[in-house]
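Asker: Have a peek at final-v2.cif (mmCIF, C-alpha atoms).
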data_work
#
loop_
_atom_site.label_atom_id
_atom_site.label_comp_id
_atom_site.auth_asym_id
_atom_site.auth_seq_id
_atom_site.Cartn_x
_atom_site.Cartn_y
_atom_site.Cartn_z
CA MET O 10 53.19 73.57 -45.05
CA THR O 11 50.32 72.54 -47.30
CA ALA O 12 47.24 70.64 -46.12
CA ALA O 13 48.17 67.66 -48.27
CA LEU O 14 51.65 67.47 -46.73
CA ALA O 15 50.29 67.68 -43.17
CA VAL O 16 47.87 64.84 -43.81
CA GLU O 17 50.56 62.66 -45.41
CA ARG O 18 52.66 62.86 -42.24
CA ARG O 19 49.80 61.68 -40.05
CA LEU O 20 47.95 59.09 -42.17
CA PRO O 21 49.12 56.16 -44.28
CA ALA O 22 48.70 56.35 -48.03
CA SER O 23 46.04 53.59 -48.09
CA VAL O 24 43.79 55.68 -45.87
CA LEU O 25 44.36 58.81 -47.91
CA THR O 26 42.82 57.12 -50.91
CA ILE O 27 39.55 56.65 -48.98
CA LEU O 28 39.31 59.85 -46.94
CA THR O 29 38.48 63.30 -48.23
CA ILE O 30 40.07 65.97 -46.08
CA ARG O 31 38.55 69.41 -46.09
CA CYS O 32 40.78 71.84 -44.37
CA SER O 33 41.92 75.32 -45.24
CA GLU O 34 45.63 75.96 -45.71
CA SER O 35 45.59 78.91 -43.39
CA VAL O 36 44.16 76.93 -40.47
CA VAL O 37 46.76 74.21 -40.85
CA ALA O 38 49.57 76.72 -40.97
CA ALA O 39 48.32 78.48 -37.82
CA GLU O 40 48.25 75.27 -35.74
CA PRO O 41 51.36 73.83 -34.09
CA ALA O 42 52.92 70.90 -35.89
CA SER O 43 52.07 68.57 -32.98
CA ALA O 44 48.37 69.47 -32.90
CA PRO O 45 46.08 66.52 -33.72
CA LEU O 46 44.35 66.61 -37.03
CA GLU O 47 40.56 66.37 -36.74
CA ILE O 48 39.03 64.08 -39.34
CA LYS O 49 35.26 63.81 -39.50
CA ASP O 50 34.89 61.41 -42.40
CA THR O 51 34.06 57.70 -41.70
CA LEU O 52 36.70 55.08 -42.44
CA MET O 53 35.20 52.17 -44.41
CA LEU O 54 37.07 48.95 -45.07
CA PRO O 55 37.00 47.93 -48.71
CA GLU O 56 35.31 44.66 -49.62
CA SER O 57 38.62 43.21 -50.71
CA SER O 58 40.16 43.57 -47.24
CA GLY O 59 40.40 39.77 -46.90
CA ARG O 60 38.57 39.57 -43.58
CA ALA O 61 36.42 36.47 -43.03
CA LYS O 62 32.70 37.07 -43.10
CA ARG O 63 30.98 36.88 -39.72
CA TYR O 64 27.74 34.92 -39.66
CA SER O 65 24.95 35.34 -37.18
CA GLU O 66 23.45 32.30 -35.46
CA ILE O 67 20.34 32.66 -37.63
CA GLU O 68 22.48 32.64 -40.76
CA LYS O 69 24.40 29.59 -39.54
CA THR O 70 21.20 27.68 -38.82
CA ALA O 71 19.72 28.55 -42.22
CA ALA O 72 22.94 27.64 -44.04
CA LEU O 73 23.25 24.28 -42.26
CA LYS O 74 19.62 23.45 -42.96
CA ALA O 75 20.04 24.24 -46.66
CA TYR O 76 23.36 22.35 -46.76
CA GLU O 77 21.92 19.20 -45.18
CA THR O 78 18.82 19.35 -47.38
CA LYS O 79 20.88 19.53 -50.57
CA ILE O 80 23.04 16.61 -49.46
CA ALA O 81 19.88 14.64 -48.67
CA PHE O 82 18.78 15.22 -52.27
CA GLY O 83 21.99 13.70 -53.61
CA LEU O 84 24.45 16.56 -53.95
CA THR O 85 28.03 16.09 -52.85
CA SER O 86 29.24 18.10 -49.88
CA THR O 87 31.33 20.27 -52.19
CA ASP O 88 28.44 21.04 -54.53
CA ALA O 89 26.06 21.62 -51.63
CA ALA O 90 28.48 24.08 -50.05
CA ARG O 91 28.82 25.91 -53.36
CA LYS O 92 25.03 26.22 -53.62
CA VAL O 93 24.84 27.58 -50.07
CA SER O 94 27.72 30.01 -50.78
CA VAL O 95 29.59 29.04 -47.62
CA PRO O 96 32.97 27.23 -47.61
CA ARG O 97 32.61 23.49 -47.03
CA LYS O 98 35.16 23.46 -44.20
CA THR O 99 33.22 26.21 -42.46
CA LEU O 100 30.00 24.21 -42.73
CA GLU O 101 31.71 21.08 -41.41
CA ARG O 102 33.09 23.05 -38.47
CA TRP O 103 29.61 24.35 -37.70
CA LEU O 104 28.24 20.80 -37.84
CA ASP O 105 30.90 19.61 -35.38
CA GLU O 106 30.16 22.52 -33.06
CA ARG O 107 26.44 21.80 -33.19
CA LYS O 108 27.02 18.12 -32.48
CA ARG O 109 29.26 18.86 -29.48
CA HIS O 110 26.76 21.35 -28.12
CA GLN O 111 23.91 18.88 -28.54
CA GLU O 112 25.86 16.12 -26.79
CA GLN O 113 26.75 18.44 -23.91
CA THR O 114 23.12 19.49 -23.58
CA GLU O 115 21.90 15.89 -23.63
CA ALA O 116 24.53 14.84 -21.09
CA SER O 117 23.57 17.75 -18.85
CA ASN O 118 19.91 16.76 -19.11
CA GLY O 119 20.85 13.17 -18.30
CA THR O 120 22.85 14.04 -15.19
CA ARG O 121 20.06 16.32 -14.01
CA LEU O 122 17.56 13.48 -14.51
CA ILE O 123 19.75 11.14 -12.43
CA GLU O 124 20.03 13.61 -9.57
CA THR O 125 16.28 14.29 -9.69
CA SER O 126 15.54 10.56 -9.56
CA ILE O 127 17.84 10.12 -6.54
CA ALA O 128 16.16 13.02 -4.73
CA THR O 129 12.73 11.55 -5.49
CA LEU O 130 13.61 8.04 -4.34
CA ALA O 131 15.28 9.41 -1.20
CA ALA O 132 12.00 11.03 -0.11
CA PRO O 133 9.22 9.19 -1.98
CA GLY O 134 6.50 10.43 0.36
CA ARG O 135 6.85 13.93 -1.10
CA PHE O 136 5.92 12.84 -4.63
CA ASN O 137 3.02 11.13 -6.35
CA PRO O 138 3.35 7.41 -7.21
CA GLU O 139 3.77 8.04 -10.95
CA ALA O 140 6.71 10.40 -10.33
CA VAL O 141 8.33 7.87 -7.99
CA ARG O 142 7.98 5.10 -10.56
CA SER O 143 9.47 7.28 -13.32
CA ALA O 144 12.35 8.10 -10.97
CA LEU O 145 12.90 4.39 -10.42
CA PHE O 146 12.98 3.81 -14.19
CA ALA O 147 15.60 6.54 -14.58
CA PHE O 148 17.76 5.21 -11.76
CA VAL O 149 17.60 1.61 -12.99
CA ALA O 150 18.39 2.74 -16.56
CA TRP O 151 21.45 4.65 -15.36
CA LEU O 152 22.77 1.68 -13.39
CA ARG O 153 22.31 -0.51 -16.43
CA TRP O 154 23.77 1.88 -19.04
CA PRO O 155 26.08 4.23 -17.09
CA GLY O 156 28.15 5.18 -20.11
CA GLU O 157 25.10 6.44 -22.02
CA VAL O 158 23.98 9.33 -19.83
CA ARG O 159 23.07 11.54 -22.77
CA ASN O 160 20.62 8.88 -24.01
CA LEU O 161 19.08 8.33 -20.58
CA ALA O 162 15.68 9.78 -21.52
CA ALA O 163 15.40 7.23 -24.33
CA TYR O 164 16.23 4.37 -21.97
CA VAL O 165 13.66 5.60 -19.46
CA LEU O 166 11.05 5.50 -22.21
CA LEU O 167 12.21 1.98 -23.11
CA LEU O 168 11.78 0.74 -19.53
CA HIS O 169 8.43 2.47 -19.14
CA CYS O 170 7.06 0.96 -22.35
CA GLY O 171 8.39 -2.49 -21.45
CA TYR O 172 6.74 -2.25 -18.05
CA LEU O 173 3.33 -1.30 -19.49
CA VAL O 174 3.43 -3.90 -22.26
CA GLN O 175 4.22 -6.67 -19.79
CA LYS O 176 1.82 -5.59 -17.08
CA TYR O 177 -1.24 -4.85 -19.21
CA GLY O 178 -0.54 -6.93 -22.31
CA VAL O 179 -1.45 -4.06 -24.64
CA SER O 180 0.26 -2.40 -27.57
CA ARG O 181 -1.70 0.86 -27.91
CA LEU O 182 -1.84 3.83 -25.57
CA GLN O 183 -5.63 3.98 -25.93
CA GLU O 184 -5.91 0.57 -24.28
CA LEU O 185 -4.14 1.66 -21.09
CA PRO O 186 -5.94 2.83 -17.95
CA GLU O 187 -6.32 6.60 -17.77
CA SER O 188 -3.80 6.91 -14.94
CA GLU O 189 -1.18 5.07 -16.99
CA LYS O 190 -1.84 7.23 -20.05
CA LYS O 191 -1.09 10.35 -18.04
CA ALA O 192 1.99 8.78 -16.47
CA ILE O 193 3.68 7.78 -19.71
CA GLN O 194 2.89 11.12 -21.34
CA ASN O 195 5.42 12.66 -18.96
CA ASP O 196 8.15 10.39 -20.37
CA ILE O 197 7.22 10.71 -24.05
CA ASP O 198 9.21 13.29 -25.97
CA ILE O 199 8.18 13.71 -29.61
CA SER O 200 11.64 14.87 -30.65
CA LEU O 201 13.08 11.80 -28.93
CA ILE O 202 10.80 9.50 -30.91
CA PHE O 203 11.85 11.32 -34.07
CA ASP O 204 15.52 10.72 -33.22
CA LEU O 205 14.77 7.05 -32.58
CA PHE O 206 13.33 6.66 -36.07
CA LEU O 207 16.32 8.47 -37.57
CA GLY O 208 18.69 6.17 -35.72
CA LYS O 209 20.29 9.00 -33.74
CA VAL O 210 19.66 7.10 -30.50
CA VAL O 211 21.08 3.59 -30.55
CA PHE O 212 20.31 1.05 -27.86
CA PRO O 213 23.09 -1.31 -26.76
CA PHE O 214 23.22 -4.40 -28.92
CA HIS O 215 23.44 -6.81 -25.99
CA MET O 216 20.96 -6.96 -23.16
CA ASP O 217 22.15 -10.33 -21.89
CA TYR O 218 21.11 -10.36 -18.25
CA GLU O 219 23.18 -13.24 -16.93
CA HIS O 220 26.50 -12.98 -18.72
CA GLU O 221 27.33 -9.41 -19.67
CA TYR O 222 25.41 -7.29 -17.21
CA TYR O 223 26.12 -9.05 -13.93
CA THR O 224 29.76 -9.57 -14.77
CA ARG O 225 30.12 -5.83 -15.30
CA ARG O 226 28.38 -5.03 -12.03
CA ASP O 227 30.56 -7.52 -10.16
CA LYS O 228 33.64 -5.78 -11.56
CA ASN O 229 32.28 -2.40 -10.52
CA ALA O 230 31.55 -3.56 -6.98
CA GLU O 231 34.96 -5.18 -6.47
CA ILE O 232 36.90 -2.25 -7.91
CA CYS O 233 34.97 0.14 -5.67
CA SER O 234 35.52 -2.14 -2.69
CA PHE O 235 39.26 -1.86 -3.27
CA PHE O 236 39.19 1.96 -3.34
CA THR O 237 36.71 2.35 -0.48
CA ASN O 238 38.52 -0.02 1.89
CA ALA O 239 42.16 0.36 0.79
CA ARG O 240 43.22 2.86 3.45
CA HIS O 241 41.75 0.69 6.20
CA ASN O 242 43.83 -2.18 4.85
CA SER O 243 47.04 -0.06 4.76
CA ILE O 244 47.04 0.30 0.97
CA ASP O 245 47.52 3.47 -1.06
CA SER O 246 44.93 3.12 -3.81
CA SER O 247 45.25 4.32 -7.39
CA ILE O 248 43.82 3.48 -10.79
CA GLY O 249 47.17 1.96 -11.74
CA LYS O 250 47.05 -0.38 -8.74
CA ALA O 251 43.47 -1.32 -9.53
CA PHE O 252 44.57 -2.38 -13.00
CA HIS O 253 47.53 -4.24 -11.48
CA ILE O 254 45.04 -6.27 -9.43
CA VAL O 255 42.97 -6.98 -12.55
CA GLU O 256 46.10 -7.91 -14.48
CA ASN O 257 47.13 -10.41 -11.81
CA ASN O 258 43.64 -11.84 -11.18
CA GLY O 259 43.45 -10.37 -7.69
CA PHE O 260 39.68 -9.98 -7.55
CA SER O 261 37.37 -12.83 -6.64
CA LYS O 262 36.17 -13.13 -10.23
CA ASP O 263 38.98 -13.12 -12.76
CA PHE O 264 38.47 -11.12 -15.92
CA GLU O 265 40.96 -10.49 -18.67
CA MET O 266 41.35 -6.87 -19.65
CA GLY O 267 44.23 -4.87 -21.09
CA GLU O 268 45.18 -1.49 -19.66
CA LYS O 269 43.57 0.48 -22.48
CA ALA O 270 40.34 -1.48 -22.14
CA PHE O 271 40.45 -1.09 -18.36
CA ARG O 272 40.75 2.69 -18.55
CA ALA O 273 37.85 2.82 -21.02
CA PHE O 274 35.86 0.62 -18.63
CA TRP O 275 36.77 2.98 -15.80
CA ARG O 276 35.55 6.07 -17.66
CA SER O 277 32.22 4.42 -18.47
CA ASN O 278 31.53 2.82 -15.10
CA ALA O 279 33.30 4.79 -12.36
CA ALA O 280 30.20 6.90 -11.62
CA VAL O 281 28.07 3.86 -10.72
CA MET O 282 30.77 1.82 -8.96
CA PRO O 283 29.80 3.01 -5.45
CA PHE O 284 26.13 2.26 -6.17
CA ASP O 285 26.89 -1.27 -7.38
CA TYR O 286 29.21 -1.77 -4.41
CA VAL O 287 26.58 -0.76 -1.84
CA GLU O 288 23.93 -2.95 -3.44
CA LEU O 289 25.99 -6.10 -3.96
CA TYR O 290 27.93 -5.94 -0.68
CA HIS O 291 25.42 -4.40 1.73
CA PHE O 292 21.93 -4.66 0.16
CA PRO O 293 22.14 -7.94 -1.79
CA THR O 294 18.38 -8.56 -1.69
CA LEU O 295 17.67 -5.19 -3.29
CA ASP O 296 17.86 -6.18 -6.95
CA LEU O 297 18.26 -3.00 -9.01
CA GLY O 298 19.95 -4.72 -11.93
CA LEU O 299 16.78 -5.19 -13.93
CA ASP O 300 16.48 -6.36 -17.52
CA PRO O 301 13.42 -5.07 -19.45
CA GLU O 302 13.49 -8.20 -21.60
CA GLU O 303 12.94 -10.51 -18.63
CA PRO O 304 9.31 -11.73 -18.41
CA ASP O 305 9.05 -10.72 -14.74
CA PHE O 306 10.46 -7.22 -15.26
CA TYR O 307 7.24 -5.42 -14.33
CA GLU O 308 6.81 -7.60 -11.23
CA LYS O 309 10.29 -6.66 -10.03
CA ILE O 310 9.52 -2.98 -10.57
CA ASP O 311 6.31 -3.31 -8.55
CA ASP O 312 8.23 -5.14 -5.83
CA LEU O 313 10.79 -2.34 -5.61
CA LEU O 314 7.99 0.20 -5.34
CA GLN O 315 6.85 -1.64 -2.22
CA ARG O 316 10.35 -1.35 -0.74
CA LEU O 317 10.90 2.40 -1.03
CA PRO O 318 12.08 2.84 2.60
CA GLU O 319 14.80 0.27 1.94
CA ILE O 320 15.78 2.08 -1.26
CA ALA O 321 16.09 5.31 0.74
CA GLU O 322 18.42 3.55 3.21
CA TYR O 323 20.40 2.16 0.29
CA LEU O 324 20.81 5.68 -1.15
CA ALA O 325 22.00 6.95 2.23
CA GLY O 326 24.68 4.26 2.11
CA CYS O 327 25.51 5.29 -1.46
CA LYS O 328 26.01 8.89 -0.36
CA TRP O 329 28.60 7.70 2.15
CA ALA O 330 30.22 5.31 -0.36
CA VAL O 331 30.52 8.00 -3.05
CA ARG O 332 32.28 10.27 -0.57
CA GLU O 333 34.68 7.51 0.48
CA PHE O 334 35.28 6.46 -3.11
CA ARG O 335 36.10 9.97 -4.31
CA SER O 336 38.31 10.73 -1.31
CA SER O 337 40.47 7.72 -2.20
CA LEU O 338 41.15 8.97 -5.74
CA ASP O 339 43.93 11.20 -6.95
CA PRO O 340 42.69 14.71 -7.85
CA ARG O 341 43.68 14.09 -11.46
CA ALA O 342 41.51 10.97 -11.56
CA LEU O 343 38.53 12.94 -10.27
CA THR O 344 38.59 15.18 -13.33
CA SER O 345 37.65 12.25 -15.59
CA ILE O 346 34.59 11.03 -13.68
CA TRP O 347 31.28 12.50 -12.62
CA SER O 348 29.34 11.66 -9.48
CA PRO O 349 25.71 12.64 -8.90
CA GLY O 350 24.75 15.04 -6.17
CA PHE O 351 22.55 13.92 -3.29
CA PRO O 352 19.77 15.90 -1.58
CA LEU O 353 20.81 17.69 1.59
CA HIS O 354 18.06 16.07 3.64
CA LEU O 355 19.53 12.62 2.93
CA LEU O 356 22.07 11.90 5.65
CA PRO O 357 24.97 9.59 4.71
CA ARG O 358 24.87 6.18 6.32
CA GLU O 359 28.27 4.72 7.18
CA LEU O 360 28.54 1.10 6.14
CA PRO O 361 30.67 -1.67 7.66
CA ARG O 362 34.15 -1.94 6.24
CA VAL O 363 34.92 -4.87 3.98
CA LYS O 364 38.06 -6.91 4.51
CA LEU O 365 39.96 -7.19 1.26
CA PRO O 366 40.74 -10.78 0.20
CA GLY O 367 44.22 -12.26 0.46
CA LYS O 368 44.16 -12.88 -3.27
CA LEU O 369 44.17 -9.11 -3.79
CA PHE O 370 47.24 -8.60 -1.60
CA GLU O 371 49.05 -11.36 -3.48
CA ALA O 372 48.30 -9.64 -6.78
CA LEU O 373 49.64 -6.33 -5.49
CA SER O 374 52.84 -7.98 -4.25
CA ARG O 375 53.73 -9.14 -7.74
CA PRO O 376 56.02 -6.84 -9.71
CA ARG O 377 54.45 -4.79 -12.45
CA VAL O 378 55.39 -6.04 -15.89
CA ILE O 379 55.94 -3.16 -18.32
CA ALA O 380 55.74 -4.19 -21.95
#
Now, as a test, write the supplied structure out as structure tokens.

Answerer:
Amino acid sequence: MTAALAVERRLPASVLTILTIRCSESVVAAEPASAPLEIKDTLMLPESSGRAKRYSEIEKTAALKAYETKIAFGLTSTDAARKVSVPRKTLERWLDERKRHQEQTEASNGTRLIETSIATLAAPGRFNPEAVRSALFAFVAWLRWPGEVRNLAAYVLLLHCGYLVQKYGVSRLQELPESEKKAIQNDIDISLIFDLFLGKVVFPFHMDYEHEYYTRRDKNAEICSFFTNARHNSIDSSIGKAFHIVENNGFSKDFEMGEKAFRAFWRSNAAVMPFDYVELYHFPTLDLGLDPEEPDFYEKIDDLLQRLPEIAEYLAGCKWAVREFRSSLDPRALTSIWSPGFPLHLLPRELPRVKLPGKLFEALSRPRVIA
């Protein structure tokens, strides 16, 4: 058997065109037919193999920067991709991936800020006054804009600036007392200001204190009251039943809302429902629903800072309410909502049960109309 014939039986023809086999005919003939053939040459894939090019993270970042710059100078996405030498669909996929990653990072930072603010307000004596006030700004901002967790840092800056402008009547940082300069520097993020100018962070269009905001908080409190107290009123709670109550005007304040809108409302507000419930039902004098556009906003903040022990008691009640609220939900419903963690040193405070109104039972007794 010749060396060429032995190699042909072990290797495909496409590989034979690349490899150079150096083997004497006598050695091949002396070896058994089943003996493995030792090949020392390196197998290299040809450039025309059709495999997609793999890009490093540095290459991706550079390509996206060049791509966005060329588009900013007026090129179409197709022409910009051609200049960058990367397929347009690949660049668009990278942009989507970057956006999702950025949103996840911002949301993670927002949830961490909420939990830090709760821990600070639950034990204010362990922190300096400036840190406690910043924590209060973060907590109030979250209660006001619960569906915008990833923009929470921007809203904290908004509340802080509104507070300082109202309290000191100034418009420049240099005019503030030294202690206030240091305090707001902790909330100022240069990249955040840059995003504000670029329009990447958008504040809600409406900040109507009386109509929009309190109506939403009333809804949150009543929906949470249903879930938290349903079992003690011999009711099996569910999101579907909550919508059935809304649909049949079973809450004390009627509000029209279709099922699709209700589920969107649920996703945006479920996290703060126990907090609104505890405040409006059990701590009604503790006004945390603050509007930075109100002329007495800074006075209300200062008043809350004088009532920190009461806020700590309120948070202890919230810890209990969150546990009760989540235990009343179906496991599938829990996957769509997030609830903040509480510090271990904060013991839950059980609150009195609320008797559900007869109007709610009447709404549940009506048959569900399926369109």

Asker: Might you spell out which residues the PyMOL selection byres ((chain O and resi 328-339) around 6) would select in the displayed file, as a list in words?

Answerer: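 That selection, the PyMOL selection byres ((chain O and resi 328-339) around 6), comes back as Phe236, Thr237, Pro283, Ala325, Gly326, Cys327, Pro340, Arg341, Ala342, Pro357, Arg358 and Glu359 of chain O.
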
Asker: Write to file, as a short mmCIF file (atom, residue, chain, number, x, y, z; two decimals), in the frame of the given file, the residues of the selection just made, with C-alpha atoms.

Answerer:
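Saved as result_19.cif:
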data_model
loop_
_atom_site.label_atom_id
_atom_site.label_comp_id
_atom_site.auth_asym_id
_atom_site.auth_seq_id
_atom_site.Cartn_x
_atom_site.Cartn_y
_atom_site.Cartn_z
CA PHE O 236 39.19 1.96 -3.34
CA THR O 237 36.71 2.35 -0.48
CA PRO O 283 29.80 3.01 -5.45
CA ALA O 325 22.00 6.95 2.23
CA GLY O 326 24.68 4.26 2.11
CA CYS O 327 25.51 5.29 -1.46
CA PRO O 340 42.69 14.71 -7.85
CA ARG O 341 43.68 14.09 -11.46
CA ALA O 342 41.51 10.97 -11.56
CA PRO O 357 24.97 9.59 4.71
CA ARG O 358 24.87 6.18 6.32
CA GLU O 359 28.27 4.72 7.18
#

Asker: Pick from O:Ile254, O:Leu168, O:Ala163, O:Leu173: nearest to O:Leu145, with all atoms listed in the file counted?

Answerer: O:Leu168

Asker: Quote the spacing between atom CA of O:Lys309 and atom CA of O:Asn118 in Å to one decimal place.

Answerer: 26.9 Å

Asker: Rounded to one decimal in Å, what is the spacing between atom CA of O:Tyr307 and atom CA of O:Ser143?

Answerer: 12.9 Å

Asker: When you look at O:Ser86 with a cut-off of 12 Å (counting only C-alpha atoms), what residues show up, excluding the ones that are within fewer than 5 positions of it in the same chain? I need them as a PDB file with C-alpha atoms, keeping the file's coordinate frame.

Answerer:
ATOM      1  CA  LEU O  73      23.250  24.280 -42.260  1.00  0.00           C
ATOM      2  CA  ALA O  75      20.040  24.240 -46.660  1.00  0.00           C
ATOM      3  CA  TYR O  76      23.360  22.350 -46.760  1.00  0.00           C
ATOM      4  CA  GLU O  77      21.920  19.200 -45.180  1.00  0.00           C
ATOM      5  CA  THR O  78      18.820  19.350 -47.380  1.00  0.00           C
ATOM      6  CA  LYS O  79      20.880  19.530 -50.570  1.00  0.00           C
ATOM      7  CA  ILE O  80      23.040  16.610 -49.460  1.00  0.00           C
ATOM      8  CA  ALA O  81      19.880  14.640 -48.670  1.00  0.00           C
ATOM      9  CA  ARG O  91      28.820  25.910 -53.360  1.00  0.00           C
ATOM     10  CA  LYS O  92      25.030  26.220 -53.620  1.00  0.00           C
ATOM     11  CA  VAL O  93      24.840  27.580 -50.070  1.00  0.00           C
ATOM     12  CA  VAL O  95      29.590  29.040 -47.620  1.00  0.00           C
ATOM     13  CA  PRO O  96      32.970  27.230 -47.610  1.00  0.00           C
ATOM     14  CA  ARG O  97      32.610  23.490 -47.030  1.00  0.00           C
ATOM     15  CA  LYS O  98      35.160  23.460 -44.200  1.00  0.00           C
ATOM     16  CA  THR O  99      33.220  26.210 -42.460  1.00  0.00           C
ATOM     17  CA  LEU O 100      30.000  24.210 -42.730  1.00  0.00           C
ATOM     18  CA  GLU O 101      31.710  21.080 -41.410  1.00  0.00           C
TER      19      GLU O 101
END

Asker: For this file, the PyMOL selection byres ((chain O and resi 241) around 12) selects which residues, as a PyMOL selection string?

Answerer: chain O and resi 234-240+242-246+333+337+361-365

Asker: Give as a list in words the set of residues within 9 Å of the point (17.7, 15.5, 1.9), where distances use the file's coordinates and only C-alpha atoms.

Answerer: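 Protein, DNA and RNA residues close to (17.7, 15.5, 1.9): Ala128, Ala131, Ala132, Phe351, Pro352, Leu353, His354, Leu355 and Leu356 of chain O.
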
Asker: At what distance in Å, to one decimal, does atom CA of O:Phe306 lie from atom CA of O:Asp227?

Answerer: 20.7 Å

Asker: Which one is closest to O:Trp151: O:Asp196, O:Asp311, O:Asp285, O:Glu303? Count all atoms listed in the file.

Answerer: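 Distance minimum relative to O:Trp151 lands on O:Asp285.
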
Asker: Nearest residue to O:Ala144 out of O:Leu314, O:Gly178, O:Ser94, O:Ala372, using all atoms listed in the file?

Answerer: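 Of the candidates, the smallest distance to O:Ala144 is held by O:Leu314.
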
Asker: Excluding same-chain residues fewer than 3 positions from O:Phe271, what lies within 12 Å of it counting only C-alpha atoms, as a list in words?

Answerer: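 Once the adjacent positions are removed, what remains is Arg225, Lys228, Asn229, Ile232, Ile248, Gly249, Lys250, Ala251, Phe252, His253, Ile254, Val255, Glu256, Phe264, Glu265, Met266, Gly267, Glu268, Phe274, Trp275, Arg276, Ser277, Asn278 and Ala279 of chain O.
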
Asker: For O:Trp347, please output as a list in words all residues within 8 Å (counting only C-alpha atoms; exclusion window: fewer than 2 positions along the same chain).

Answerer: Ala279, Ala280, Leu343, Thr344, Ser345 and Pro349 of chain O

Asker: If you apply the PyMOL selection byres ((chain O and resi 366) around 9) to this file, what residues do you get, as a ChimeraX atom specification?

Answerer: /O:259-261,364-365,367-370

Asker: Taking all atoms listed in the file into account, name the residue in O:Asp296, O:Glu371, O:Glu308, O:Glu322 that is nearest to O:Val149.

Answerer: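 For O:Val149, the nearest of the candidates is O:Asp296.
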
Asker: Of the candidates O:Phe136, O:Gly350, O:Leu295, O:Phe284, which shows the shortest atom-to-atom distance to O:Gln315, using all atoms listed in the file?

Answerer: O:Leu295

Asker: From the options O:Gly156, O:Pro293, O:Gly134, O:Gly119, which residue's atoms come nearest to O:Ile346, counting only C-alpha atoms?

Answerer: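 Of O:Gly156, O:Pro293, O:Gly134, O:Gly119, the one nearest O:Ile346 is O:Gly156, counting only C-alpha atoms.
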